[in-house]
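Participant: Just upload02.txt, nothing more (compact mmCIF, C-alpha atoms):
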# COMPACT_ATOMS: atom_id res chain seq x y z
CA ALA A 255 12.46 6.90 12.63
CA VAL A 256 15.74 5.08 12.00
CA GLY A 257 17.02 7.86 9.74
CA LEU A 258 15.85 10.61 12.07
CA PHE A 259 17.49 9.07 15.14
CA ALA A 260 20.71 8.49 13.21
CA ALA A 261 20.69 12.06 11.95
CA ILE A 262 20.36 13.56 15.44
CA GLY A 263 23.08 11.33 16.85
CA LEU A 264 21.04 8.83 18.88
CA GLY A 265 21.78 5.91 16.56
CA TRP A 266 19.55 3.34 14.91
CA ARG A 267 19.27 1.23 18.08
CA ALA A 268 17.33 4.04 19.77
CA ALA A 269 14.81 3.92 16.91
CA LEU A 270 14.25 0.22 17.52
CA LEU A 271 13.83 0.91 21.22
CA LEU A 272 11.16 3.46 20.33
CA GLY A 273 9.13 0.65 18.76
CA VAL A 274 9.33 -1.34 21.97
CA VAL A 275 8.19 1.68 23.99
CA LEU A 276 5.24 2.33 21.66
CA ALA A 277 4.22 -1.33 21.82
CA GLY A 278 4.31 -1.15 25.61
CA LEU A 279 2.12 1.95 25.58
CA LEU A 280 -0.40 0.16 23.35
CA ILE A 281 -0.55 -2.74 25.80
CA VAL A 282 -1.09 -0.34 28.71
CA PHE A 283 -3.83 1.72 27.07
CA LEU A 284 -5.64 -1.16 25.34
CA ARG A 285 -5.48 -3.75 28.11
CA GLY A 286 -9.12 -3.12 29.10
CA VAL A 287 -10.52 -3.20 25.56
CA PRO A 288 -12.67 -6.34 25.09
CA VAL A 289 -11.75 -8.65 22.23
CA PRO A 290 -14.76 -9.55 20.05
CA GLU A 291 -15.68 -13.16 19.57
CA ALA A 292 -14.48 -14.87 16.43
CA ALA A 293 -16.88 -14.93 13.52
CA LYS A 294 -18.69 -18.16 12.79
CA PRO A 295 -17.13 -20.20 9.98
CA ALA A 296 -18.70 -20.26 6.53
CA ALA A 297 -21.58 -22.65 6.08
CA PRO A 298 -20.70 -25.96 4.48
CA THR A 299 -21.03 -26.28 0.72
CA GLY A 300 -23.00 -28.95 -1.03
CA ASP A 301 -20.27 -31.54 -0.63
CA GLY A 302 -20.21 -30.98 3.13
CA LYS A 303 -16.88 -29.12 3.16
CA PRO A 304 -16.50 -25.58 4.53
CA GLY A 305 -15.51 -22.72 2.22
CA GLY A 306 -16.49 -22.29 -1.41
CA ARG A 307 -15.47 -20.79 -4.72
CA LEU A 308 -14.81 -17.08 -4.92
CA PRO A 309 -16.59 -15.17 -7.72
CA VAL A 310 -14.69 -14.09 -10.83
CA VAL A 311 -14.98 -10.41 -9.92
CA TYR A 312 -13.05 -11.06 -6.71
CA TRP A 313 -9.97 -12.00 -8.70
CA PHE A 314 -9.92 -8.64 -10.50
CA TYR A 315 -9.75 -6.95 -7.11
CA TRP A 316 -7.13 -9.53 -6.09
CA LEU A 317 -4.94 -8.47 -9.02
CA THR A 318 -5.59 -4.83 -8.16
CA ILE A 319 -4.25 -5.49 -4.65
CA ILE A 320 -1.06 -6.98 -6.07
CA ALA A 321 -0.44 -3.94 -8.27
CA PHE A 322 -1.29 -1.29 -5.67
CA VAL A 323 0.71 -2.99 -2.91
CA GLY A 324 3.62 -3.43 -5.31
CA VAL A 325 3.84 0.32 -5.85
CA GLU A 326 3.50 1.08 -2.15
CA GLN A 327 6.14 -1.40 -1.04
CA SER A 328 8.57 -0.51 -3.82
CA VAL A 329 8.52 3.12 -2.73
CA LEU A 330 9.00 2.10 0.90
CA VAL A 331 11.94 -0.14 -0.01
CA TRP A 332 13.69 2.00 -2.61
CA ALA A 333 12.94 5.65 -1.78
CA THR A 334 15.90 5.99 0.58
CA GLU A 335 18.27 4.34 -1.90
CA PHE A 336 16.88 6.52 -4.69
CA MET A 337 17.51 9.71 -2.74
CA THR A 338 21.04 8.53 -1.92
CA ARG A 339 22.19 7.10 -5.26
CA VAL A 340 20.24 9.24 -7.71
CA LYS A 341 19.78 12.53 -5.85
CA GLY A 342 23.10 12.41 -3.98
CA MET A 343 21.71 12.88 -0.47
CA PRO A 344 23.46 11.50 2.66
CA VAL A 345 22.03 8.18 3.82
CA ALA A 346 20.62 9.46 7.11
CA SER A 347 19.03 12.49 5.44
CA SER A 348 17.58 10.27 2.71
CA ALA A 349 15.95 8.03 5.31
CA VAL A 350 14.34 11.05 6.97
CA ILE A 351 13.14 12.39 3.61
CA ALA A 352 11.72 8.99 2.65
CA GLY A 353 9.71 9.14 5.87
CA ALA A 354 7.53 11.74 4.16
CA PHE A 355 5.94 8.88 2.23
CA SER A 356 4.99 7.00 5.40
CA PHE A 357 3.74 10.23 6.97
CA GLY A 358 1.55 10.85 3.93
CA MET A 359 0.11 7.35 4.24
CA LEU A 360 -0.59 7.93 7.92
CA VAL A 361 -2.40 11.20 7.23
CA GLY A 362 -4.38 9.60 4.41
CA ARG A 363 -5.54 6.67 6.48
CA LEU A 364 -6.44 8.85 9.44
CA SER A 365 -8.54 10.95 7.06
CA SER A 366 -10.25 7.95 5.47
CA SER A 367 -13.52 8.33 7.38
CA LEU A 368 -13.84 11.96 6.30
CA ILE A 369 -13.08 11.06 2.69
CA LEU A 370 -15.58 8.21 2.56
CA LYS A 371 -18.34 10.43 3.96
CA ARG A 372 -18.01 12.58 0.84
CA MET A 373 -17.52 9.99 -1.90
CA THR A 374 -17.82 6.31 -2.68
CA ALA A 375 -14.93 3.90 -2.21
CA SER A 376 -14.68 3.46 -5.98
CA LEU A 377 -14.35 7.18 -6.59
CA ALA A 378 -11.81 7.45 -3.78
CA LEU A 379 -9.72 4.72 -5.43
CA TYR A 380 -9.77 6.41 -8.82
CA LEU A 381 -8.89 9.77 -7.27
CA SER A 382 -6.07 8.14 -5.32
CA ALA A 383 -4.54 7.00 -8.61
CA ILE A 384 -4.94 10.49 -10.06
CA VAL A 385 -3.03 11.86 -7.07
CA THR A 386 -0.41 9.11 -7.16
CA LEU A 387 0.77 9.57 -10.75
CA PRO A 388 1.75 13.27 -10.72
CA ALA A 389 3.03 12.95 -7.13
CA PHE A 390 5.37 10.16 -8.22
CA PHE A 391 6.84 12.18 -11.09
CA LEU A 392 7.21 15.19 -8.80
CA PHE A 393 9.30 13.04 -6.45
CA TRP A 394 11.16 11.24 -9.24
CA GLY A 395 12.12 14.35 -11.15
CA ALA A 396 12.47 16.74 -8.21
CA SER A 397 15.25 19.29 -8.68
CA SER A 398 15.21 20.37 -5.04
CA LEU A 399 14.82 18.80 -1.62
CA PRO A 400 11.46 20.47 -0.78
CA LEU A 401 9.94 19.21 -4.04
CA ALA A 402 11.11 15.67 -3.31
CA VAL A 403 9.67 15.77 0.20
CA PHE A 404 6.35 17.18 -1.03
CA GLY A 405 6.21 14.63 -3.85
CA LEU A 406 6.78 11.74 -1.44
CA PHE A 407 4.20 13.08 0.99
CA ALA A 408 1.61 13.44 -1.80
CA LEU A 409 2.53 9.98 -3.08
CA GLY A 410 1.90 8.58 0.39
CA LEU A 411 -1.48 10.31 0.48
CA GLY A 412 -2.38 8.77 -2.86
CA CYS A 413 -1.30 5.25 -1.88
CA SER A 414 -2.78 5.34 1.61
CA LEU A 415 -6.31 4.18 0.81
CA GLN A 416 -5.58 1.92 -2.13
CA TYR A 417 -4.93 -1.32 -0.27
CA PRO A 418 -7.61 -1.04 2.47
CA LEU A 419 -10.37 0.07 0.08
CA THR A 420 -9.54 -2.54 -2.54
CA LEU A 421 -9.41 -5.22 0.16
CA THR A 422 -12.82 -4.14 1.43
CA LYS A 423 -14.35 -4.28 -2.03
CA ALA A 424 -12.83 -7.71 -2.63
CA ILE A 425 -14.26 -9.09 0.62
CA VAL A 426 -17.70 -7.63 -0.11
CA THR A 427 -17.82 -9.36 -3.49
CA ALA A 428 -17.00 -12.69 -1.80
CA GLY A 429 -20.36 -12.72 -0.02
CA PRO A 430 -20.49 -15.55 2.55
CA TYR A 431 -16.87 -16.49 1.85
CA GLY A 432 -15.33 -13.46 3.49
CA GLU A 433 -12.77 -15.45 5.48
CA LEU A 434 -11.55 -17.23 2.36
CA ALA A 435 -11.41 -13.89 0.53
CA THR A 436 -9.32 -12.37 3.33
CA ALA A 437 -6.89 -15.28 3.25
CA ARG A 438 -6.47 -15.02 -0.52
CA ALA A 439 -6.01 -11.25 -0.27
CA SER A 440 -3.27 -11.77 2.31
CA LEU A 441 -1.58 -14.06 -0.19
CA ALA A 442 -1.84 -11.34 -2.85
CA SER A 443 -0.23 -8.69 -0.65
CA GLY A 444 2.44 -11.14 0.51
CA LEU A 445 3.36 -12.11 -3.04
CA SER A 446 3.46 -8.46 -4.04
CA ILE A 447 5.71 -7.49 -1.13
CA MET A 448 8.04 -10.40 -1.85
CA ILE A 449 8.29 -10.12 -5.64
CA ILE A 450 7.71 -6.58 -6.95
CA PRO A 451 10.36 -4.65 -4.95
CA TRP A 452 12.80 -7.43 -5.88
CA LEU A 453 11.89 -7.00 -9.56
CA VAL A 454 12.54 -3.27 -9.22
CA GLY A 455 15.97 -4.04 -7.79
CA ALA A 456 16.73 -6.58 -10.53
CA THR A 457 15.68 -4.06 -13.16
CA ALA A 458 17.84 -1.41 -11.49
CA ASP A 459 20.86 -3.67 -11.97
CA GLN A 460 20.23 -3.49 -15.71
CA VAL A 461 18.97 0.04 -16.37
CA GLY A 462 19.77 1.95 -13.18
CA LEU A 463 17.60 2.72 -10.19
CA SER A 464 16.11 5.87 -11.72
CA GLY A 465 14.85 3.96 -14.77
CA ALA A 466 13.59 1.05 -12.68
CA ILE A 467 11.65 3.29 -10.29
CA ALA A 468 10.14 5.10 -13.28
CA LEU A 469 8.25 1.91 -14.18
CA LEU A 470 6.07 2.07 -11.06
CA PRO A 471 3.44 4.40 -12.59
CA ILE A 472 2.79 1.68 -15.18
CA LEU A 473 1.86 -0.61 -12.30
CA THR A 474 -0.55 2.02 -11.00
CA VAL A 475 -2.21 2.21 -14.42
CA VAL A 476 -2.46 -1.59 -14.51
CA ALA A 477 -4.11 -1.53 -11.07
CA VAL A 478 -6.66 1.01 -12.27
CA GLY A 479 -7.36 -1.20 -15.29
CA PHE A 480 -8.11 -4.23 -13.11
CA LEU A 481 -10.20 -2.05 -10.80
CA PHE A 482 -12.22 -0.69 -13.71
CA VAL A 483 -12.94 -4.18 -15.06
CA GLY A 484 -13.95 -5.35 -11.59
CA GLU A 485 -16.32 -2.42 -11.19
CA ARG A 486 -17.90 -3.14 -14.56
CA VAL A 487 -18.46 -6.79 -13.66
CA VAL A 488 -20.08 -5.80 -10.33
CA ARG A 489 -22.55 -3.49 -12.10
CA ARG A 490 -23.77 -6.22 -14.44
If you convert what's in this file into structure tokens, what do you get?
Facilitator:
Amino acid sequence: AVGLFAAIGLGWRAALLLGVVLAGLLIVFLRGVPVPEAAKPAAPTGDGKPGGRLPVVYWFYWLTIIAFVGVEQSVLVWATEFMTRVKGMPVASSAVIAGAFSFGMLVGRLSSSLILKRMTASLALYLSAIVTLPAFFLFWGASSLPLAVFGLFALGLGCSLQYPLTLTKAIVTAGPYGELATARASLASGLSIMIIPWLVGATADQVGLSGAIALLPILTVVAVGFLFVGERVVRR
């Protein structure tokens, strides 16, 4: 939105105002929606303290979250800069083009219920990685603007379900310790958001942004590896 508003001459401040307007509309339309009661806390463990120990399989999904979120956030942070510095696009146009990634994620998440009616969450995660890898290289190596936009959109589609589905699987494996699992998963995503885009930037200082961005598919493969091991442990 920032890039689009800047490109049409309204300025970035108008884009921020749009967020305020949308938040106000949410308050207006959701003001009558009842808020469910909080879930009961986990039963005390043998030593009388709440909580418990998360199973080993949970931590494979935890690592999967770190890797998947790292790819997603790195694209969000660096796509505009990549289009500007590597592809030579104007800054405002690059921001609009990078929005194709967010739009792809939006479409993917809105379609999640339809997707999960036709396949399991595990299959959807594996297919998302299959979509993500070629989509990334289409964006990375695009020789024209339409290819870059399509690659980013497809990349957004691929990334869209990775975090929510992996989070769901992690919480399910936690059994009665769902609240603890959610807290630890939030830590995983927070660490990923804080560290991995920064590592991409630090690598870019050494090898260039194009080479640094090109490492992201490796992270996707690592995520699939952790996911595969987690799935194997669950089936035992």
Participant: Counting all atoms listed in the file, what is within 10 Å of Gly444 of chain A, bar same-chain residues fewer than 6 positions away, as a ChimeraX atom specification?
Facilitator: /A:320,323-324,438
Participant: What separation in Å, quoted to one decimal, exists between atom CA of Gly405 of chain A and atom CA of Ala442 of chain A?
Facilitator: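 Here the two named atoms are 27.2 Å from each other.
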Participant: Set the distance at 8 Å and use all atoms listed in the file: which residues neighbour segment 389-401 of chain A once local chain neighbours fewer than 6 positions away are removed? I'd like the list as a PDB file with C-alpha atoms, keeping the file's coordinate frame.
Facilitator:
ATOM      1  CA  ALA A 408       1.610  13.440  -1.800  1.00  0.00           C
ATOM      2  CA  LEU A 409       2.530   9.980  -3.080  1.00  0.00           C
ATOM      3  CA  SER A 464      16.110   5.870 -11.720  1.00  0.00           C
ATOM      4  CA  ALA A 468      10.140   5.100 -13.280  1.00  0.00           C
ATOM      5  CA  PRO A 471       3.440   4.400 -12.590  1.00  0.00           C
TER       6      PRO A 471
END
Participant: Between A:Ser367, A:Thr474, A:Gly342, A:Leu453, which is the closest to Val385 of chain A once you count only C-alpha atoms?
Facilitator: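 Residue with the minimum atom-to-atom distance to Val385 of chain A: A:Thr474.
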Participant: Find the residue from A:Ile384, A:Ile369, A:Leu415, A:Leu463 that sits nearest to Lys341 of chain A; use only C-alpha atoms when measuring.
Facilitator: A:Leu463
Participant: Given only C-alpha atoms as the basis, pick out the residue of A:Pro418, A:Gly410, A:Gly432, A:Pro344 nearest to Leu360 of chain A.
Facilitator: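 The closest residue to Leu360 of chain A is A:Gly410.
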Participant: Rank A:Leu364, A:Ile467, A:Thr457, A:Arg486 by their smallest atom-to-atom distance to Thr334 of chain A, using all atoms listed in the file, and report the top residue only.
Facilitator: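 Residue with the minimum atom-to-atom distance to Thr334 of chain A: A:Ile467.
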Participant: Can you pull out every residue within 9 Å of segment 328-330 of chain A, counting all atoms listed in the file, but drop anything in the same chain fewer than 6 positions away, and send it as JSON, numbers by chain?
Facilitator: {"A": [352, 353, 355, 356, 406, 447, 450, 451, 452, 454, 467, 470]}
Participant: Using all atoms listed in the file, pick whichever of A:Phe357, A:Phe336, A:Tyr380, A:Phe407 has the shortest atom-to-atom distance to Gly479 of chain A.
Facilitator: A:Tyr380
Participant: What are the centre and edge lengths in Å, to one decimal, of the axis-aligned box around all listed atoms of segment 339-352 of chain A with 8 Å added on each side, as lines of an AutoDock Vina configuration file?
Facilitator:
center_x = 17.6
center_y = 10.0
center_z = -0.3
size_x = 27.7
size_y = 21.8
size_z = 30.8
Participant: For a quick check of understanding, using all atoms listed in the file, which of A:Ile425, A:Leu419, A:Val483, A:Leu317 has the smallest distance to Leu377 of chain A?
Facilitator: A:Leu419
Participant: Please list as JSON, numbers by chain every residue within 12 Å of Val311 of chain A, counting only C-alpha atoms and excluding residues in the same chain fewer than 6 positions away.
Facilitator: {"A": [317, 318, 423, 424, 425, 426, 427, 428, 429, 435, 480, 481, 482, 483, 484, 485, 486, 487, 488, 489, 490]}
Participant: Extract segment 319-347 of chain A from the preceding block and save N, CA, C and O atoms as a compact mmCIF listing (two decimals), in the first residue's frame.
Facilitator:
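Heads up, here's the output in out-v6.txt:
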# COMPACT_ATOMS: atom_id res chain seq x y z
N ILE A 319 8.95 -24.15 11.83
CA ILE A 319 8.39 -22.80 11.88
C ILE A 319 9.48 -21.76 11.69
O ILE A 319 9.31 -20.79 10.91
N ILE A 320 10.61 -21.92 12.35
CA ILE A 320 11.70 -20.96 12.22
C ILE A 320 12.13 -20.84 10.76
O ILE A 320 12.31 -19.73 10.23
N ALA A 321 12.30 -21.98 10.09
CA ALA A 321 12.77 -21.95 8.71
C ALA A 321 11.73 -21.36 7.76
O ALA A 321 12.06 -20.50 6.92
N PHE A 322 10.48 -21.80 7.87
CA PHE A 322 9.44 -21.29 6.98
C PHE A 322 9.22 -19.78 7.18
O PHE A 322 9.11 -19.02 6.22
N VAL A 323 9.13 -19.36 8.43
CA VAL A 323 8.91 -17.94 8.72
C VAL A 323 10.11 -17.11 8.25
O VAL A 323 9.96 -15.98 7.78
N GLY A 324 11.30 -17.68 8.37
CA GLY A 324 12.49 -16.97 7.90
C GLY A 324 12.44 -16.65 6.42
O GLY A 324 12.81 -15.55 6.00
N VAL A 325 11.98 -17.60 5.63
CA VAL A 325 11.84 -17.36 4.19
C VAL A 325 10.79 -16.30 3.94
O VAL A 325 11.01 -15.34 3.17
N GLU A 326 9.64 -16.46 4.56
CA GLU A 326 8.53 -15.52 4.37
C GLU A 326 8.93 -14.09 4.72
O GLU A 326 8.73 -13.15 3.93
N GLN A 327 9.54 -13.91 5.88
CA GLN A 327 9.88 -12.57 6.33
C GLN A 327 11.03 -11.98 5.53
O GLN A 327 11.08 -10.76 5.31
N SER A 328 11.96 -12.81 5.09
CA SER A 328 13.07 -12.30 4.29
C SER A 328 12.58 -11.77 2.95
O SER A 328 13.08 -10.75 2.46
N VAL A 329 11.61 -12.45 2.36
CA VAL A 329 11.04 -11.95 1.11
C VAL A 329 10.31 -10.63 1.36
O VAL A 329 10.44 -9.67 0.60
N LEU A 330 9.53 -10.59 2.44
CA LEU A 330 8.81 -9.36 2.77
C LEU A 330 9.76 -8.18 2.98
O LEU A 330 9.50 -7.06 2.54
N VAL A 331 10.88 -8.44 3.65
CA VAL A 331 11.82 -7.37 3.98
C VAL A 331 12.65 -6.95 2.77
O VAL A 331 12.88 -5.76 2.54
N TRP A 332 13.09 -7.92 1.97
CA TRP A 332 14.10 -7.63 0.95
C TRP A 332 13.60 -7.59 -0.48
O TRP A 332 14.36 -7.23 -1.39
N ALA A 333 12.36 -7.95 -0.74
CA ALA A 333 11.88 -7.99 -2.13
C ALA A 333 11.95 -6.62 -2.79
O ALA A 333 12.38 -6.48 -3.94
N THR A 334 11.51 -5.59 -2.07
CA THR A 334 11.54 -4.24 -2.64
C THR A 334 12.96 -3.80 -2.95
O THR A 334 13.26 -3.27 -4.03
N GLU A 335 13.86 -4.04 -2.00
CA GLU A 335 15.27 -3.68 -2.20
C GLU A 335 15.88 -4.48 -3.34
O GLU A 335 16.69 -3.96 -4.13
N PHE A 336 15.50 -5.74 -3.46
CA PHE A 336 16.00 -6.58 -4.55
C PHE A 336 15.56 -6.04 -5.90
O PHE A 336 16.36 -5.95 -6.84
N MET A 337 14.29 -5.68 -6.01
CA MET A 337 13.80 -5.14 -7.28
C MET A 337 14.46 -3.81 -7.62
O MET A 337 14.68 -3.49 -8.79
N THR A 338 14.82 -3.04 -6.59
CA THR A 338 15.45 -1.73 -6.82
C THR A 338 16.93 -1.87 -7.17
O THR A 338 17.40 -1.35 -8.18
N ARG A 339 17.67 -2.60 -6.34
CA ARG A 339 19.12 -2.67 -6.48
C ARG A 339 19.57 -3.66 -7.54
O ARG A 339 20.56 -3.43 -8.24
N VAL A 340 18.87 -4.78 -7.66
CA VAL A 340 19.30 -5.82 -8.58
C VAL A 340 18.60 -5.69 -9.94
O VAL A 340 19.24 -5.84 -10.99
N LYS A 341 17.30 -5.41 -9.93
CA LYS A 341 16.55 -5.32 -11.18
C LYS A 341 16.46 -3.91 -11.74
O LYS A 341 16.00 -3.72 -12.87
N GLY A 342 16.87 -2.91 -10.94
CA GLY A 342 16.92 -1.54 -11.45
C GLY A 342 15.58 -0.84 -11.55
O GLY A 342 15.44 0.12 -12.31
N MET A 343 14.60 -1.27 -10.75
CA MET A 343 13.29 -0.63 -10.78
C MET A 343 13.27 0.58 -9.85
O MET A 343 13.99 0.62 -8.85
N PRO A 344 12.42 1.60 -10.15
CA PRO A 344 12.24 2.71 -9.20
C PRO A 344 11.69 2.19 -7.87
O PRO A 344 11.00 1.18 -7.82
N VAL A 345 12.00 2.92 -6.80
CA VAL A 345 11.63 2.46 -5.46
C VAL A 345 10.12 2.28 -5.31
O VAL A 345 9.65 1.25 -4.82
N ALA A 346 9.35 3.27 -5.75
CA ALA A 346 7.89 3.18 -5.60
C ALA A 346 7.33 2.01 -6.40
O ALA A 346 6.48 1.25 -5.91
N SER A 347 7.83 1.82 -7.62
CA SER A 347 7.36 0.70 -8.45
C SER A 347 7.76 -0.63 -7.83
O SER A 347 6.99 -1.60 -7.86
